[in-house]
Structure formats: structure tokens, C-alpha cells
Amino acid sequence: MSEIYNIPIPLVNYLHLIRRKESPYYDLIEYLITDMERNLQVHPHNGMVYSINPRRLKEEIEEQIPNKKLTTINISRTILALLYGSKLERDEDYYVTTSSGGRKNYHIKVNRSILSTLRMHL
């Protein structure tokens with residue numbers, strides 16, 4: 001099995017890039033966490049489910065984070081690296097759905113605790 005600390009090796013590489021604050025990976029995570037915080041302010045008591053469609057996200061942030069490395073696949077891997085690196089539990093803290101075209105969407109159950117965990121593991 002090619003896993004280190006239960007994190008698949010390709011994701012370990014992305015996690016290292018995020019922790020070394022390499023662009024565009026770190027910039028993407030900063031954007032996501034900031035957006036989660038902004039959205040949580042609207043629903044401070046209940047928490048919320050933050051949904052990420054990597055293809056839409058790529059279109060949304062292309063102007064803010066211009067980089068040829070920012071592909072849909074790299075966005076997906078960066079998100080997964082953050083989730084694994086933060087030790088969030090699948091189905092407990094986040095879940096993944098698949099669209100009819102086979103693309104994955106990520107849904108994170110956001111509350112103050114999850115946000116602090118994500119920030120702490122950057």
C-alpha cells in the first residue's frame with residue numbers, strides 16, 4: 001500500500017506544497033477557508049455545508065489566482081490534501097458526491113471547530 005500516515009502519496013506531495021505556502025495551492029486553500037468563514041458568519045449558530053465543485057471553483061478564481069497549474073484535477077487534489085492533512089473524518093466532517101458526468105464534488109460540514117482545525121493544519 002502506497003500510503004504514509006494513511007494519506008495517499010500524491011496527496012502528501014500536495015500537502016507539502018500547501019504547508020510550504022507554494023502558489024497556487026496555498027492561495028487556493030486560503031481562498032476556500034476565507035470564503036467558508038465569510039459564509040459561516042451568515043449562519044453562526046447552525047453551521048452549514050460548504051459545497052465545492054472544482055470546475056466552477058476554477059472558473060471563479062481564475063482571475064484572482066492566475067496560474068497554469070490551477071487545473072480541475074489539481075484543485076481536487078489540493079482539497080483532498082487539506083481534508084486528509086486536517087484529519088477530518090469522511091462522512092462525519094465531509095463527504096464526496098459524484099455528478100452524472102463522473103466529476104467529484106466536495107461537501108464540508110463547516111462550523112467553528114472545523115474551521116479552526118483547517119487553519120491549524122495549514
# chains A, B, ... in the order shown; residues from 1 in each chain; ligands from 1

$ residues_around --residues "range 97-100 of chain A" --least-positions-apart "3" --cutoff "12 Å" --atoms "only C-alpha atoms" --output "PyMOL selection string"
chain A and resi 51-55+90-91+94+103-108

$ write_last_selection --atoms "N, CA and C atoms" --output "PDB file, in the first residue's frame"
ATOM      1  N   SER A  51     -20.245  23.472  -0.147  1.00  0.00           N
ATOM      2  CA  SER A  51     -20.073  22.597  -1.305  1.00  0.00           C
ATOM      3  C   SER A  51     -19.060  23.190  -2.273  1.00  0.00           C
ATOM      4  N   ILE A  52     -18.196  22.326  -2.788  1.00  0.00           N
ATOM      5  CA  ILE A  52     -17.152  22.760  -3.717  1.00  0.00           C
ATOM      6  C   ILE A  52     -17.253  21.922  -4.986  1.00  0.00           C
ATOM      7  N   ASN A  53     -17.476  22.596  -6.082  1.00  0.00           N
ATOM      8  CA  ASN A  53     -17.430  21.983  -7.397  1.00  0.00           C
ATOM      9  C   ASN A  53     -16.119  22.474  -8.015  1.00  0.00           C
ATOM     10  N   PRO A  54     -15.109  21.622  -8.157  1.00  0.00           N
ATOM     11  CA  PRO A  54     -13.798  22.073  -8.637  1.00  0.00           C
ATOM     12  C   PRO A  54     -13.827  22.807  -9.978  1.00  0.00           C
ATOM     13  N   ARG A  55     -14.688  22.387 -10.893  1.00  0.00           N
ATOM     14  CA  ARG A  55     -14.738  23.059 -12.199  1.00  0.00           C
ATOM     15  C   ARG A  55     -15.266  24.479 -12.052  1.00  0.00           C
ATOM     16  N   ARG A  90     -14.122  11.351   6.908  1.00  0.00           N
ATOM     17  CA  ARG A  90     -15.056  11.232   5.791  1.00  0.00           C
ATOM     18  C   ARG A  90     -16.414  10.766   6.319  1.00  0.00           C
ATOM     19  N   ASP A  91     -17.462  11.304   5.794  1.00  0.00           N
ATOM     20  CA  ASP A  91     -18.852  11.066   6.175  1.00  0.00           C
ATOM     21  C   ASP A  91     -19.212  11.727   7.510  1.00  0.00           C
ATOM     22  N   TYR A  94     -16.957  15.600   6.307  1.00  0.00           N
ATOM     23  CA  TYR A  94     -17.122  15.935   4.891  1.00  0.00           C
ATOM     24  C   TYR A  94     -17.587  14.700   4.135  1.00  0.00           C
ATOM     25  N   ARG A 103     -17.675  13.623 -12.332  1.00  0.00           N
ATOM     26  CA  ARG A 103     -16.828  14.570 -11.598  1.00  0.00           C
ATOM     27  C   ARG A 103     -17.230  14.601 -10.135  1.00  0.00           C
ATOM     28  N   LYS A 104     -16.242  14.811  -9.279  1.00  0.00           N
ATOM     29  CA  LYS A 104     -16.500  14.803  -7.848  1.00  0.00           C
ATOM     30  C   LYS A 104     -16.794  16.203  -7.333  1.00  0.00           C
ATOM     31  N   ASN A 105     -17.684  16.271  -6.368  1.00  0.00           N
ATOM     32  CA  ASN A 105     -17.993  17.492  -5.636  1.00  0.00           C
ATOM     33  C   ASN A 105     -17.725  17.208  -4.171  1.00  0.00           C
ATOM     34  N   TYR A 106     -17.199  18.186  -3.466  1.00  0.00           N
ATOM     35  CA  TYR A 106     -16.816  18.021  -2.066  1.00  0.00           C
ATOM     36  C   TYR A 106     -17.736  18.868  -1.201  1.00  0.00           C
ATOM     37  N   HIS A 107     -18.200  18.288  -0.107  1.00  0.00           N
ATOM     38  CA  HIS A 107     -19.132  18.958   0.795  1.00  0.00           C
ATOM     39  C   HIS A 107     -18.546  18.883   2.202  1.00  0.00           C
ATOM     40  N   ILE A 108     -18.234  20.041   2.762  1.00  0.00           N
ATOM     41  CA  ILE A 108     -17.611  20.099   4.076  1.00  0.00           C
ATOM     42  C   ILE A 108     -18.627  20.660   5.067  1.00  0.00           C
TER      43      ILE A 108
END

$ residues_around --residues "Arg112 in chain A" --least-positions-apart "5" --cutoff "9 Å" --atoms "only C-alpha atoms" --output "PDB file with C-alpha atoms, in the first residue's frame"
ATOM      1  CA  GLU A  37     -15.543  31.882   7.264  1.00  0.00           C
ATOM      2  CA  LEU A  40     -20.380  30.863   8.330  1.00  0.00           C
ATOM      3  CA  PRO A  44     -23.156  31.319  13.002  1.00  0.00           C
ATOM      4  CA  GLY A  47     -23.143  25.668  10.930  1.00  0.00           C
ATOM      5  CA  THR A 117      -8.919  22.569  12.526  1.00  0.00           C
TER       6      THR A 117
END

$ atom_distance --atom1 "CA of Met120 in chain A" --atom2 "CA of Asn74 in chain A"
22.1 Å

$ select_by_dssp --residues "chain A" --states "strand (DSSP E or B)" --output "list in words"
Glu3, Ile4, Ile7, Pro8, Met48, Val49, Tyr50, Ser51, Ile52, Arg90, Tyr94, Tyr95, Val96, Thr97, Thr98, Lys104, Asn105, Tyr106, His107, Ile108, Lys109 and Val110 of chain A

$ write_last_selection --atoms "C-alpha atoms" --output "PDB file, in the first residue's frame"
ATOM      1  CA  GLU A   3       0.309   5.479   1.905  1.00  0.00           C
ATOM      2  CA  ILE A   4       2.177   7.419   4.554  1.00  0.00           C
ATOM      3  CA  ILE A   7      -2.567   9.748   3.332  1.00  0.00           C
ATOM      4  CA  PRO A   8      -2.104   8.643  -0.284  1.00  0.00           C
ATOM      5  CA  MET A  48     -23.528  24.832   7.265  1.00  0.00           C
ATOM      6  CA  VAL A  49     -22.473  22.510   4.477  1.00  0.00           C
ATOM      7  CA  TYR A  50     -19.959  24.161   2.158  1.00  0.00           C
ATOM      8  CA  SER A  51     -20.073  22.597  -1.305  1.00  0.00           C
ATOM      9  CA  ILE A  52     -17.152  22.760  -3.717  1.00  0.00           C
ATOM     10  CA  ARG A  90     -15.056  11.232   5.791  1.00  0.00           C
ATOM     11  CA  TYR A  94     -17.122  15.935   4.891  1.00  0.00           C
ATOM     12  CA  TYR A  95     -18.498  13.820   2.098  1.00  0.00           C
ATOM     13  CA  VAL A  96     -17.897  13.444  -1.621  1.00  0.00           C
ATOM     14  CA  THR A  97     -20.557  13.127  -4.295  1.00  0.00           C
ATOM     15  CA  THR A  98     -20.197  12.350  -7.968  1.00  0.00           C
ATOM     16  CA  LYS A 104     -16.500  14.803  -7.848  1.00  0.00           C
ATOM     17  CA  ASN A 105     -17.993  17.492  -5.636  1.00  0.00           C
ATOM     18  CA  TYR A 106     -16.816  18.021  -2.066  1.00  0.00           C
ATOM     19  CA  HIS A 107     -19.132  18.958   0.795  1.00  0.00           C
ATOM     20  CA  ILE A 108     -17.611  20.099   4.076  1.00  0.00           C
ATOM     21  CA  LYS A 109     -19.729  20.414   7.219  1.00  0.00           C
ATOM     22  CA  VAL A 110     -18.459  23.789   8.386  1.00  0.00           C
TER      23      VAL A 110
END

$ residues_around --residues "range 77-82 of chain A" --least-positions-apart "3" --cutoff "6 Å" --atoms "only C-alpha atoms" --output "list in words"
Leu11, Tyr14, Leu15, Asn74, Gly85 and Ser86 of chain A

$ atom_distance --atom1 "CA of Lys68 in chain A" --atom2 "CA of Asp35 in chain A"
22.4 Å

$ atom_distance --atom1 "CA of Leu88 in chain A" --atom2 "CA of Asn13 in chain A"
18.1 Å

$ closest_residue --among "A:Glu92, A:Asn46, A:Tyr25, A:Leu115" --to "Thr71 in chain A" --atoms "only C-alpha atoms"
A:Tyr25

$ closest_residue --among "A:Arg56, A:Leu70, A:Asp93, A:His43" --to "Leu28 in chain A" --atoms "only C-alpha atoms"
A:Leu70

$ select_by_dssp --residues "chain A" --states "alpha helix (DSSP H)" --output "ChimeraX atom specification"
/A:9-19,25-42,54-61,72-85,112-120
